[in-house]
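The structure file final.pdb is reproduced below (PDB, C-alpha atoms, pLDDT in the B column).
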```pdb
MODEL        1
ATOM      1  CA  MET A   1     171.519  19.610 145.784  1.00 90.00           C
ATOM      2  CA  PRO A   2     171.268  21.002 142.218  1.00 94.00           C
ATOM      3  CA  LYS A   3     170.127  24.558 141.580  1.00 97.00           C
ATOM      4  CA  ALA A   4     167.355  25.511 139.194  1.00 97.00           C
ATOM      5  CA  SER A   5     169.739  27.932 137.462  1.00 97.00           C
ATOM      6  CA  GLU A   6     172.122  25.063 136.658  1.00 97.00           C
ATOM      7  CA  LEU A   7     169.371  23.058 135.000  1.00 97.00           C
ATOM      8  CA  MET A   8     168.123  26.132 133.136  1.00 97.00           C
ATOM      9  CA  ALA A   9     171.604  26.850 131.773  1.00 97.00           C
ATOM     10  CA  LEU A  10     172.045  23.275 130.540  1.00 97.00           C
ATOM     11  CA  ALA A  11     168.578  23.264 129.009  1.00 97.00           C
ATOM     12  CA  ALA A  12     169.230  26.566 127.222  1.00 96.00           C
ATOM     13  CA  ILE A  13     172.402  25.174 125.639  1.00 96.00           C
ATOM     14  CA  GLN A  14     170.594  22.120 124.276  1.00 94.00           C
ATOM     15  CA  LEU A  15     167.672  24.249 123.117  1.00 93.00           C
ATOM     16  CA  LEU A  16     170.021  26.697 121.328  1.00 92.00           C
ATOM     17  CA  ASP A  17     168.331  29.450 123.312  1.00 93.00           C
ATOM     18  CA  GLU A  18     171.048  30.746 125.627  1.00 94.00           C
ATOM     19  CA  ASP A  19     169.458  34.210 125.671  1.00 95.00           C
ATOM     20  CA  HIS A  20     166.209  32.650 126.927  1.00 94.00           C
ATOM     21  CA  ILE A  21     164.096  34.256 124.221  1.00 93.00           C
ATOM     22  CA  ARG A  22     161.893  31.380 123.067  1.00 92.00           C
ATOM     23  CA  TRP A  23     161.845  29.688 126.477  1.00 94.00           C
ATOM     24  CA  PRO A  24     161.986  32.374 129.219  1.00 95.00           C
ATOM     25  CA  LEU A  25     163.523  31.496 132.560  1.00 97.00           C
ATOM     26  CA  ALA A  26     160.166  31.726 134.342  1.00 96.00           C
ATOM     27  CA  GLU A  27     158.780  29.113 131.949  1.00 96.00           C
ATOM     28  CA  LEU A  28     161.743  26.824 132.556  1.00 97.00           C
ATOM     29  CA  ALA A  29     161.190  27.206 136.309  1.00 97.00           C
ATOM     30  CA  GLY A  30     157.639  25.970 135.852  1.00 97.00           C
ATOM     31  CA  TRP A  31     158.860  22.863 134.049  1.00 97.00           C
ATOM     32  CA  VAL A  32     161.466  22.254 136.762  1.00 98.00           C
ATOM     33  CA  ASN A  33     158.681  22.266 139.361  1.00 97.00           C
ATOM     34  CA  GLU A  34     156.536  19.950 137.249  1.00 97.00           C
ATOM     35  CA  GLY A  35     159.494  17.603 136.810  1.00 97.00           C
ATOM     36  CA  VAL A  36     160.093  17.463 140.570  1.00 97.00           C
ATOM     37  CA  LYS A  37     156.447  16.516 141.086  1.00 96.00           C
ATOM     38  CA  ALA A  38     156.686  13.803 138.424  1.00 95.00           C
ATOM     39  CA  ILE A  39     159.798  12.291 140.021  1.00 96.00           C
ATOM     40  CA  VAL A  40     158.354  12.316 143.541  1.00 95.00           C
ATOM     41  CA  LEU A  41     155.140  10.750 142.233  1.00 91.00           C
ATOM     42  CA  ALA A  42     157.083   7.953 140.519  1.00 91.00           C
ATOM     43  CA  LYS A  43     159.591   7.498 143.335  1.00 92.00           C
ATOM     44  CA  PRO A  44     158.370   8.891 146.682  1.00 92.00           C
ATOM     45  CA  SER A  45     161.661   8.231 148.462  1.00 91.00           C
ATOM     46  CA  SER A  46     163.410  10.783 146.221  1.00 94.00           C
ATOM     47  CA  ALA A  47     162.243  13.439 148.700  1.00 96.00           C
ATOM     48  CA  SER A  48     162.024  11.794 152.092  1.00 96.00           C
ATOM     49  CA  MET A  49     162.976  12.168 155.730  1.00 96.00           C
ATOM     50  CA  THR A  50     162.435  10.651 159.170  1.00 96.00           C
ATOM     51  CA  ALA A  51     160.718  12.342 162.090  1.00 96.00           C
ATOM     52  CA  ALA A  52     159.276  11.601 165.515  1.00 96.00           C
ATOM     53  CA  LEU A  53     155.500  11.117 165.585  1.00 97.00           C
ATOM     54  CA  GLN A  54     153.273  11.204 168.647  1.00 97.00           C
ATOM     55  CA  LEU A  55     150.642   8.481 168.292  1.00 98.00           C
ATOM     56  CA  GLY A  56     146.944   8.806 168.979  1.00 97.00           C
ATOM     57  CA  GLN A  57     144.840   6.298 170.888  1.00 98.00           C
ATOM     58  CA  GLY A  58     143.769   3.199 169.005  1.00 98.00           C
ATOM     59  CA  THR A  59     145.012   1.039 166.140  1.00 98.00           C
ATOM     60  CA  ARG A  60     144.422   3.486 163.292  1.00 98.00           C
ATOM     61  CA  GLN A  61     146.960   6.271 162.942  1.00 98.00           C
ATOM     62  CA  ALA A  62     147.469   9.062 160.412  1.00 97.00           C
ATOM     63  CA  LEU A  63     150.283  11.377 159.417  1.00 97.00           C
ATOM     64  CA  PRO A  64     149.494  15.020 160.305  1.00 96.00           C
ATOM     65  CA  SER A  65     149.230  17.699 157.625  1.00 95.00           C
ATOM     66  CA  THR A  66     152.753  18.884 158.441  1.00 95.00           C
ATOM     67  CA  ILE A  67     155.738  17.263 160.159  1.00 94.00           C
ATOM     68  CA  ASP A  68     158.809  19.379 160.867  1.00 91.00           C
ATOM     69  CA  GLY A  69     157.632  21.886 158.285  1.00 92.00           C
ATOM     70  CA  LYS A  70     157.058  19.296 155.550  1.00 94.00           C
ATOM     71  CA  ALA A  71     153.704  18.172 154.142  1.00 92.00           C
ATOM     72  CA  PRO A  72     153.709  14.332 154.023  1.00 95.00           C
ATOM     73  CA  ILE A  73     152.365  12.673 150.901  1.00 95.00           C
ATOM     74  CA  GLN A  74     153.180   9.039 151.678  1.00 95.00           C
ATOM     75  CA  LEU A  75     154.327   6.911 154.594  1.00 97.00           C
ATOM     76  CA  LEU A  76     157.453   4.914 153.724  1.00 96.00           C
ATOM     77  CA  GLY A  77     157.833   3.036 156.985  1.00 96.00           C
ATOM     78  CA  VAL A  78     157.817   3.044 160.778  1.00 97.00           C
ATOM     79  CA  ASN A  79     161.287   2.288 162.096  1.00 97.00           C
ATOM     80  CA  ARG A  80     161.246   2.158 165.894  1.00 97.00           C
ATOM     81  CA  ASN A  81     159.697   3.284 169.141  1.00 97.00           C
ATOM     82  CA  LEU A  82     161.156   6.450 170.670  1.00 97.00           C
ATOM     83  CA  ALA A  83     161.584   7.655 174.210  1.00 95.00           C
ATOM     84  CA  SER A  84     160.639  11.252 173.298  1.00 94.00           C
ATOM     85  CA  THR A  85     160.189  13.651 170.407  1.00 91.00           C
ATOM     86  CA  GLU A  86     163.334  15.557 171.311  1.00 89.00           C
ATOM     87  CA  THR A  87     166.566  15.558 169.309  1.00 81.00           C
ATOM     88  CA  PRO A  88     168.706  13.483 169.469  1.00 84.00           C
ATOM     89  CA  ARG A  89     166.029  10.808 169.372  1.00 88.00           C
ATOM     90  CA  LEU A  90     166.606   7.940 171.832  1.00 90.00           C
ATOM     91  CA  GLY A  91     165.542   4.757 170.059  1.00 89.00           C
ATOM     92  CA  LEU A  92     163.740   1.897 171.791  1.00 93.00           C
ATOM     93  CA  ARG A  93     162.248  -1.340 170.445  1.00 96.00           C
ATOM     94  CA  ALA A  94     162.267  -1.806 166.650  1.00 97.00           C
ATOM     95  CA  VAL A  95     158.951  -1.968 164.809  1.00 97.00           C
ATOM     96  CA  ARG A  96     158.235  -4.782 162.329  1.00 96.00           C
ATOM     97  CA  THR A  97     156.254  -4.269 159.127  1.00 96.00           C
ATOM     98  CA  ALA A  98     153.515  -6.891 158.977  1.00 95.00           C
ATOM     99  CA  ALA A  99     150.897  -8.019 156.477  1.00 93.00           C
ATOM    100  CA  ARG A 100     147.303  -7.279 157.455  1.00 93.00           C
ATOM    101  CA  ASP A 101     146.027 -10.757 156.549  1.00 93.00           C
ATOM    102  CA  GLN A 102     148.522 -12.429 158.887  1.00 93.00           C
ATOM    103  CA  ILE A 103     147.494 -10.389 161.934  1.00 95.00           C
ATOM    104  CA  ASP A 104     143.803 -10.680 161.011  1.00 95.00           C
ATOM    105  CA  ALA A 105     144.144 -14.461 160.836  1.00 96.00           C
ATOM    106  CA  GLN A 106     146.018 -14.776 164.123  1.00 93.00           C
ATOM    107  CA  GLU A 107     143.962 -12.235 166.103  1.00 95.00           C
ATOM    108  CA  PRO A 108     140.700 -11.206 164.328  1.00 96.00           C
ATOM    109  CA  ASN A 109     139.726  -8.908 167.226  1.00 97.00           C
ATOM    110  CA  TRP A 110     143.007  -7.027 167.452  1.00 97.00           C
ATOM    111  CA  HIS A 111     141.262  -3.678 166.867  1.00 97.00           C
ATOM    112  CA  ASN A 112     139.198  -4.244 170.035  1.00 97.00           C
ATOM    113  CA  ARG A 113     141.050  -3.168 173.183  1.00 97.00           C
ATOM    114  CA  ALA A 114     138.962  -5.646 175.220  1.00 97.00           C
ATOM    115  CA  TYR A 115     140.787  -8.464 173.407  1.00 96.00           C
ATOM    116  CA  VAL A 116     144.173  -6.813 172.819  1.00 97.00           C
ATOM    117  CA  PRO A 117     144.845  -4.086 175.434  1.00 97.00           C
ATOM    118  CA  TYR A 118     146.278  -0.825 174.170  1.00 98.00           C
ATOM    119  CA  ARG A 119     149.920  -0.198 175.031  1.00 97.00           C
ATOM    120  CA  LYS A 120     152.519   2.512 174.683  1.00 97.00           C
ATOM    121  CA  GLU A 121     154.991   0.349 172.761  1.00 97.00           C
ATOM    122  CA  VAL A 122     154.344  -0.571 169.128  1.00 98.00           C
ATOM    123  CA  ARG A 123     155.354  -4.068 168.041  1.00 97.00           C
ATOM    124  CA  GLN A 124     154.109  -4.175 164.440  1.00 97.00           C
ATOM    125  CA  VAL A 125     152.841  -1.738 161.833  1.00 97.00           C
ATOM    126  CA  ILE A 126     150.568  -2.313 158.848  1.00 97.00           C
ATOM    127  CA  PHE A 127     150.241   0.154 155.987  1.00 94.00           C
ATOM    128  CA  ASP A 128     148.952   0.174 152.443  1.00 91.00           C
ATOM    129  CA  GLU A 129     150.344   2.309 149.605  1.00 85.00           C
ATOM    130  CA  GLN A 130     146.763   2.786 148.397  1.00 89.00           C
ATOM    131  CA  VAL A 131     146.060   4.816 151.563  1.00 94.00           C
ATOM    132  CA  PRO A 132     149.407   6.642 151.674  1.00 94.00           C
ATOM    133  CA  THR A 133     149.082   8.767 154.818  1.00 96.00           C
ATOM    134  CA  GLU A 134     147.396   6.269 157.147  1.00 97.00           C
ATOM    135  CA  PHE A 135     148.647   3.181 158.981  1.00 98.00           C
ATOM    136  CA  TYR A 136     147.745   0.772 161.772  1.00 98.00           C
ATOM    137  CA  VAL A 137     149.748  -0.227 164.834  1.00 98.00           C
ATOM    138  CA  TYR A 138     149.695  -3.471 166.803  1.00 97.00           C
ATOM    139  CA  PRO A 139     148.887  -3.488 169.590  1.00 98.00           C
ATOM    140  CA  GLY A 140     146.622  -0.444 169.522  1.00 98.00           C
ATOM    141  CA  ASN A 141     148.328   2.514 171.146  1.00 98.00           C
ATOM    142  CA  ASP A 142     147.267   4.019 174.467  1.00 98.00           C
ATOM    143  CA  GLY A 143     147.971   7.517 173.132  1.00 97.00           C
ATOM    144  CA  THR A 144     151.366   7.958 174.804  1.00 97.00           C
ATOM    145  CA  GLY A 145     153.534   6.152 172.276  1.00 97.00           C
ATOM    146  CA  ILE A 146     156.081   7.862 170.033  1.00 97.00           C
ATOM    147  CA  VAL A 147     157.542   6.314 166.892  1.00 98.00           C
ATOM    148  CA  GLU A 148     160.030   7.279 164.222  1.00 97.00           C
ATOM    149  CA  VAL A 149     158.376   7.447 160.812  1.00 97.00           C
ATOM    150  CA  ALA A 150     159.907   7.739 157.353  1.00 97.00           C
ATOM    151  CA  PHE A 151     157.784   9.644 154.869  1.00 97.00           C
ATOM    152  CA  SER A 152     157.953  11.355 151.507  1.00 97.00           C
ATOM    153  CA  PHE A 153     157.031  14.970 150.879  1.00 97.00           C
ATOM    154  CA  LEU A 154     156.733  17.408 148.003  1.00 94.00           C
ATOM    155  CA  PRO A 155     159.683  19.829 148.006  1.00 95.00           C
ATOM    156  CA  LYS A 156     159.045  23.546 148.089  1.00 94.00           C
ATOM    157  CA  PRO A 157     158.586  24.796 144.508  1.00 95.00           C
ATOM    158  CA  VAL A 158     161.221  26.942 142.858  1.00 96.00           C
ATOM    159  CA  ALA A 159     159.998  30.536 143.135  1.00 95.00           C
ATOM    160  CA  LEU A 160     161.671  33.931 143.178  1.00 94.00           C
ATOM    161  CA  ALA A 161     161.842  36.029 146.302  1.00 87.00           C
ATOM    162  CA  ASN A 162     160.364  39.519 146.128  1.00 86.00           C
ATOM    163  CA  GLY A 163     162.576  41.942 144.244  1.00 86.00           C
ATOM    164  CA  LYS A 164     164.454  39.322 142.204  1.00 92.00           C
ATOM    165  CA  ASP A 165     164.706  39.824 138.431  1.00 96.00           C
ATOM    166  CA  ALA A 166     163.112  36.846 136.641  1.00 95.00           C
ATOM    167  CA  THR A 167     165.162  37.530 133.482  1.00 95.00           C
ATOM    168  CA  LEU A 168     168.525  37.001 135.225  1.00 96.00           C
ATOM    169  CA  LEU A 169     169.832  33.439 135.445  1.00 96.00           C
ATOM    170  CA  GLU A 170     171.527  34.058 138.784  1.00 96.00           C
ATOM    171  CA  SER A 171     168.166  34.936 140.330  1.00 96.00           C
ATOM    172  CA  TRP A 172     167.185  31.286 139.928  1.00 97.00           C
ATOM    173  CA  ALA A 173     170.067  29.861 141.984  1.00 96.00           C
ATOM    174  CA  ILE A 174     167.510  28.024 144.129  1.00 97.00           C
ATOM    175  CA  ASP A 175     167.618  24.417 145.317  1.00 96.00           C
ATOM    176  CA  VAL A 176     165.200  22.244 143.341  1.00 97.00           C
ATOM    177  CA  GLY A 177     164.486  20.104 146.409  1.00 95.00           C
ATOM    178  CA  LEU A 178     165.910  16.814 145.098  1.00 96.00           C
ATOM    179  CA  PRO A 179     169.436  15.448 145.671  1.00 95.00           C
ATOM    180  CA  GLU A 180     171.816  14.242 143.004  1.00 93.00           C
ATOM    181  CA  PRO A 181     171.615  12.306 140.718  1.00 91.00           C
ATOM    182  CA  TYR A 182     168.057  13.454 140.023  1.00 95.00           C
ATOM    183  CA  SER A 183     169.291  16.457 138.048  1.00 96.00           C
ATOM    184  CA  VAL A 184     169.764  14.101 135.067  1.00 96.00           C
ATOM    185  CA  PRO A 185     166.150  12.906 134.660  1.00 96.00           C
ATOM    186  CA  LEU A 186     164.926  16.344 135.756  1.00 97.00           C
ATOM    187  CA  LEU A 187     166.806  17.983 132.871  1.00 97.00           C
ATOM    188  CA  ASP A 188     165.298  15.468 130.458  1.00 97.00           C
ATOM    189  CA  TYR A 189     161.837  16.297 131.777  1.00 97.00           C
ATOM    190  CA  VAL A 190     162.414  20.022 131.255  1.00 97.00           C
ATOM    191  CA  LEU A 191     163.623  19.407 127.682  1.00 96.00           C
ATOM    192  CA  TYR A 192     160.640  17.147 127.023  1.00 95.00           C
ATOM    193  CA  ARG A 193     158.214  19.893 128.050  1.00 95.00           C
ATOM    194  CA  CYS A 194     160.142  22.558 126.125  1.00 94.00           C
ATOM    195  CA  HIS A 195     160.154  20.559 122.893  1.00 93.00           C
ATOM    196  CA  SER A 196     156.441  19.869 123.376  1.00 91.00           C
ATOM    197  CA  LYS A 197     155.636  23.590 123.376  1.00 82.00           C
ATOM    198  CA  ASP A 198     153.133  24.746 120.761  1.00 67.00           C
ATOM    199  CA  ASP A 199     155.726  26.777 118.909  1.00 67.00           C
ATOM    200  CA  THR A 200     157.601  26.814 115.606  1.00 68.00           C
ATOM    201  CA  ALA A 201     160.632  25.453 117.456  1.00 63.00           C
ATOM    202  CA  ALA A 202     158.728  22.481 118.835  1.00 68.00           C
ATOM    203  CA  ASP A 203     160.099  19.054 117.983  1.00 84.00           C
ATOM    204  CA  ALA A 204     157.851  16.092 118.775  1.00 88.00           C
ATOM    205  CA  ALA A 205     160.596  13.539 118.121  1.00 91.00           C
ATOM    206  CA  LYS A 206     163.015  15.229 120.510  1.00 92.00           C
ATOM    207  CA  ALA A 207     160.249  15.639 123.084  1.00 93.00           C
ATOM    208  CA  GLN A 208     159.471  11.927 122.945  1.00 92.00           C
ATOM    209  CA  GLY A 209     163.168  11.047 123.151  1.00 93.00           C
ATOM    210  CA  HIS A 210     163.733  13.122 126.273  1.00 94.00           C
ATOM    211  CA  TYR A 211     160.562  11.796 127.894  1.00 92.00           C
ATOM    212  CA  GLN A 212     161.741   8.237 127.273  1.00 93.00           C
ATOM    213  CA  LEU A 213     165.106   9.024 128.853  1.00 93.00           C
ATOM    214  CA  PHE A 214     163.322  10.557 131.847  1.00 95.00           C
ATOM    215  CA  ALA A 215     160.915   7.634 132.263  1.00 92.00           C
ATOM    216  CA  THR A 216     163.662   5.056 131.837  1.00 92.00           C
ATOM    217  CA  ALA A 217     165.987   6.694 134.380  1.00 90.00           C
ATOM    218  CA  VAL A 218     163.289   7.045 137.026  1.00 89.00           C
ATOM    219  CA  GLY A 219     161.677   3.697 136.209  1.00 84.00           C
ATOM    220  CA  ILE A 220     164.887   1.702 136.438  1.00 67.00           C
ATOM    221  CA  LYS A 221     165.734   3.298 139.778  1.00 60.00           C
ATOM    222  CA  VAL A 222     162.285   2.422 141.113  1.00 58.00           C
ATOM    223  CA  GLN A 223     162.590  -1.186 139.919  1.00 64.00           C
ATOM    224  CA  VAL A 224     166.054  -1.656 141.425  1.00 58.00           C
ATOM    225  CA  GLU A 225     165.057  -0.204 144.796  1.00 62.00           C
ATOM    226  CA  SER A 226     161.829  -2.203 144.832  1.00 61.00           C
ATOM    227  CA  ALA A 227     163.706  -5.436 144.190  1.00 61.00           C
ATOM    228  CA  ASN A 228     166.078  -4.733 147.080  1.00 56.00           C
ATOM    229  CA  ASN A 229     163.516  -3.398 149.561  1.00 59.00           C
ATOM    230  CA  PRO A 230     162.952  -5.978 152.365  1.00 53.00           C
ATOM    231  CA  ASN A 231     159.649  -4.310 153.273  1.00 59.00           C
ATOM    232  CA  LYS A 232     158.116  -5.144 149.882  1.00 57.00           C
ATOM    233  CA  ARG A 233     155.837  -8.158 149.771  1.00 50.00           C
ATOM    234  CA  ARG A 234     157.254 -11.005 147.689  1.00 47.00           C
TER     235      ARG A 234
ENDMDL
END
```
I'd like the structure from this file rewritten - as structure tokens, please.
Amino acid sequence: MPKASELMALAAIQLLDEDHIRWPLAELAGWVNEGVKAIVLAKPSSASMTAALQLGQGTRQALPSTIDGKAPIQLLGVNRNLASTETPRLGLRAVRTAARDQIDAQEPNWHNRAYVPYRKEVRQVIFDEQVPTEFYVYPGNDGTGIVEVAFSFLPKPVALANGKDATLLESWAIDVGLPEPYSVPLLDYVLYRCHSKDDTAADAAKAQGHYQLFATAVGIKVQVESANNPNKRR
């Protein structure tokens, strides 16, 4: 995982500001954090993980505010039923991703436990990217089920620990929260924001060029993954 200090050093070279006079390290750190947010917003799976989730009773389910210390921002999928929340996780029946209109057409009363009894085991899951932290399970759960969910989260921002000198590059040797190869578009985002600064050294053309490189790199990756994702509706 790349370090903020590595990105700052590369940015300083391209900005001809290796002494960090015009663009202080603390300012660069702010742009690194903004770039991470922009990447995760465009491509949620860039910061993602799986975890065990205890289900509530009923068809409607929601991700909690924190899972294993991470704050979920979007559900990416529900993979399988689990025997327990303990590690290693013993997997049970797989869970299929279904379209809401198909289940609604086949069983209009599936939300009513009088028609479709609640069970522990989940057979199908329905979720909508427009409501990123909620999903529905079929059949409705009896409150004892456990599933493995994949979700995206916002990485912890780059920030100095108490006592660290913000003017020293080595103080910023902190993981940015995204794996390789995201250091490439992240660097372009930092340079875009730096060249956009209201300053005599600002360069609108360079800012636009770096933003285009950033958007293209992230956009192409999103398009490729979307085209090869079997869970996407065709």
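The residues returned by the PyMOL selection byres ((chain A and resi 14) around 12) on the shown structure are Leu7, Met8, Ala9, Leu10, Ala11, Ala12, Ile13, Leu15, Leu16, Asp17, Glu18, His20, Trp23, Leu187, Asp188, Val190, Leu191, Tyr192, Cys194, His195, Lys206 and His210 of chain A.
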Quick one: write out the picked residues with C-alpha atoms as a JSON list (two decimals), keeping the file's coordinate frame?
```json
[["chain", "number", "residue", "atom", "x", "y", "z"],
["A", 7, "LEU", "CA", 169.37, 23.06, 135.00],
["A", 8, "MET", "CA", 168.12, 26.13, 133.14],
["A", 9, "ALA", "CA", 171.60, 26.85, 131.77],
["A", 10, "LEU", "CA", 172.04, 23.28, 130.54],
["A", 11, "ALA", "CA", 168.58, 23.26, 129.01],
["A", 12, "ALA", "CA", 169.23, 26.57, 127.22],
["A", 13, "ILE", "CA", 172.40, 25.17, 125.64],
["A", 15, "LEU", "CA", 167.67, 24.25, 123.12],
["A", 16, "LEU", "CA", 170.02, 26.70, 121.33],
["A", 17, "ASP", "CA", 168.33, 29.45, 123.31],
["A", 18, "GLU", "CA", 171.05, 30.75, 125.63],
["A", 20, "HIS", "CA", 166.21, 32.65, 126.93],
["A", 23, "TRP", "CA", 161.84, 29.69, 126.48],
["A", 187, "LEU", "CA", 166.81, 17.98, 132.87],
["A", 188, "ASP", "CA", 165.30, 15.47, 130.46],
["A", 190, "VAL", "CA", 162.41, 20.02, 131.26],
["A", 191, "LEU", "CA", 163.62, 19.41, 127.68],
["A", 192, "TYR", "CA", 160.64, 17.15, 127.02],
["A", 194, "CYS", "CA", 160.14, 22.56, 126.12],
["A", 195, "HIS", "CA", 160.15, 20.56, 122.89],
["A", 206, "LYS", "CA", 163.01, 15.23, 120.51],
["A", 210, "HIS", "CA", 163.73, 13.12, 126.27]]
```
| request: Quick one: pull the distance between CA of Met49 (chain A) and CA of Glu170 (chain A), Å, one decimal. | output: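 The value is 29.0 Å.
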| message | Can you measure CA of Asp142 (chain A) to CA of Ala52 (chain A) for me? One decimal in Å is fine. | response |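 For CA of Asp142 (chain A) relative to CA of Ala52 (chain A), the distance reads 16.8 Å.
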| said: Neighbouring residues of region 80-91 of chain A were defined as those with any atom within 12 Å, considering all atoms listed in the file; residues of the same chain fewer than 4 positions away were excluded. Please report them as a PyMOL selection string. | reply: chain A and resi 50-55+67-68+95-97+119-125+137+141+144-150
| message | Just the number, please: distance in Å from CA of Gln61 (chain A) to CA of Ala47 (chain A), one decimal. | response | 22.1 Å
| request: Starting from the displayed file, determine the output of the PyMOL selection byres ((chain A and resi 72) around 9) and express the residue list as a ChimeraX atom specification. | output: /A:48,63-67,70-71,73-75,133,151-154
Store the residues of this selection in a file with C-alpha atoms, as a PDB file, in the coordinates of the input.
```
ATOM      1  CA  SER A  48     162.024  11.794 152.092  1.00 96.00           C
ATOM      2  CA  LEU A  63     150.283  11.377 159.417  1.00 97.00           C
ATOM      3  CA  PRO A  64     149.494  15.020 160.305  1.00 96.00           C
ATOM      4  CA  SER A  65     149.230  17.699 157.625  1.00 95.00           C
ATOM      5  CA  THR A  66     152.753  18.884 158.441  1.00 95.00           C
ATOM      6  CA  ILE A  67     155.738  17.263 160.159  1.00 94.00           C
ATOM      7  CA  LYS A  70     157.058  19.296 155.550  1.00 94.00           C
ATOM      8  CA  ALA A  71     153.704  18.172 154.142  1.00 92.00           C
ATOM      9  CA  ILE A  73     152.365  12.673 150.901  1.00 95.00           C
ATOM     10  CA  GLN A  74     153.180   9.039 151.678  1.00 95.00           C
ATOM     11  CA  LEU A  75     154.327   6.911 154.594  1.00 97.00           C
ATOM     12  CA  THR A 133     149.082   8.767 154.818  1.00 96.00           C
ATOM     13  CA  PHE A 151     157.784   9.644 154.869  1.00 97.00           C
ATOM     14  CA  SER A 152     157.953  11.355 151.507  1.00 97.00           C
ATOM     15  CA  PHE A 153     157.031  14.970 150.879  1.00 97.00           C
ATOM     16  CA  LEU A 154     156.733  17.408 148.003  1.00 94.00           C
TER      17      LEU A 154
END
```
Once 8 Å is added on each side, what are the centre and the three edge lengths, in Å to one decimal, of the axis-aligned box enclosing the listed atoms of region 142-153 of chain A? Present them as lines of an AutoDock Vina configuration file.
```
center_x = 153.6
center_y = 9.5
center_z = 162.8
size_x = 28.8
size_y = 27.0
size_z = 39.9
```
| Output of the PyMOL selection byres ((chain A and resi 155) around 12), listed as a ChimeraX atom specification | /A:32-41,44-49,69-73,152-154,156-159,174-179
Could you take the residues named above and write them with C-alpha atoms, as a PDB file, in the frame of the given file?
```
ATOM      1  CA  VAL A  32     161.466  22.254 136.762  1.00 98.00           C
ATOM      2  CA  ASN A  33     158.681  22.266 139.361  1.00 97.00           C
ATOM      3  CA  GLU A  34     156.536  19.950 137.249  1.00 97.00           C
ATOM      4  CA  GLY A  35     159.494  17.603 136.810  1.00 97.00           C
ATOM      5  CA  VAL A  36     160.093  17.463 140.570  1.00 97.00           C
ATOM      6  CA  LYS A  37     156.447  16.516 141.086  1.00 96.00           C
ATOM      7  CA  ALA A  38     156.686  13.803 138.424  1.00 95.00           C
ATOM      8  CA  ILE A  39     159.798  12.291 140.021  1.00 96.00           C
ATOM      9  CA  VAL A  40     158.354  12.316 143.541  1.00 95.00           C
ATOM     10  CA  LEU A  41     155.140  10.750 142.233  1.00 91.00           C
ATOM     11  CA  PRO A  44     158.370   8.891 146.682  1.00 92.00           C
ATOM     12  CA  SER A  45     161.661   8.231 148.462  1.00 91.00           C
ATOM     13  CA  SER A  46     163.410  10.783 146.221  1.00 94.00           C
ATOM     14  CA  ALA A  47     162.243  13.439 148.700  1.00 96.00           C
ATOM     15  CA  SER A  48     162.024  11.794 152.092  1.00 96.00           C
ATOM     16  CA  MET A  49     162.976  12.168 155.730  1.00 96.00           C
ATOM     17  CA  GLY A  69     157.632  21.886 158.285  1.00 92.00           C
ATOM     18  CA  LYS A  70     157.058  19.296 155.550  1.00 94.00           C
ATOM     19  CA  ALA A  71     153.704  18.172 154.142  1.00 92.00           C
ATOM     20  CA  PRO A  72     153.709  14.332 154.023  1.00 95.00           C
ATOM     21  CA  ILE A  73     152.365  12.673 150.901  1.00 95.00           C
ATOM     22  CA  SER A 152     157.953  11.355 151.507  1.00 97.00           C
ATOM     23  CA  PHE A 153     157.031  14.970 150.879  1.00 97.00           C
ATOM     24  CA  LEU A 154     156.733  17.408 148.003  1.00 94.00           C
ATOM     25  CA  LYS A 156     159.045  23.546 148.089  1.00 94.00           C
ATOM     26  CA  PRO A 157     158.586  24.796 144.508  1.00 95.00           C
ATOM     27  CA  VAL A 158     161.221  26.942 142.858  1.00 96.00           C
ATOM     28  CA  ALA A 159     159.998  30.536 143.135  1.00 95.00           C
ATOM     29  CA  ILE A 174     167.510  28.024 144.129  1.00 97.00           C
ATOM     30  CA  ASP A 175     167.618  24.417 145.317  1.00 96.00           C
ATOM     31  CA  VAL A 176     165.200  22.244 143.341  1.00 97.00           C
ATOM     32  CA  GLY A 177     164.486  20.104 146.409  1.00 95.00           C
ATOM     33  CA  LEU A 178     165.910  16.814 145.098  1.00 96.00           C
ATOM     34  CA  PRO A 179     169.436  15.448 145.671  1.00 95.00           C
TER      35      PRO A 179
END
```
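Taking only C-alpha atoms into account, Ile21 (chain A) lies nearest to A:Thr167 out of the set A:Gln106, A:Asn162, A:Thr167, A:Asn112.
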| message | So that I can check the surroundings of Ala173 (chain A), please list as a list in words every protein, DNA and RNA residue that reaches within 8 Å of it, counting all atoms listed in the file and ignoring chain neighbours fewer than 6 positions away. | response |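 After dropping sequence-adjacent residues, the list is Lys3, Ala4, Ser5 and Glu6 of chain A.
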If we count only C-alpha atoms and set the cut-off at 12 Å, which residues sit around Asp101 (chain A), ignoring sequence neighbours fewer than 5 positions away in its own chain? Please answer as a PDB file with C-alpha atoms, in the frame of the given file.
```pdb
ATOM      1  CA  GLN A 106     146.018 -14.776 164.123  1.00 93.00           C
ATOM      2  CA  GLU A 107     143.962 -12.235 166.103  1.00 95.00           C
ATOM      3  CA  PRO A 108     140.700 -11.206 164.328  1.00 96.00           C
ATOM      4  CA  TRP A 110     143.007  -7.027 167.452  1.00 97.00           C
ATOM      5  CA  ILE A 126     150.568  -2.313 158.848  1.00 97.00           C
ATOM      6  CA  PHE A 127     150.241   0.154 155.987  1.00 94.00           C
TER       7      PHE A 127
END
```
| task | Kindly indicate which residue among A:Ala94, A:Arg100, A:Asp165, A:His111 lies nearest to Asn79 (chain A), using all atoms listed in the file for the distances. | result |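 Ranked by minimum distance to Asn79 (chain A), first place goes to A:Ala94.
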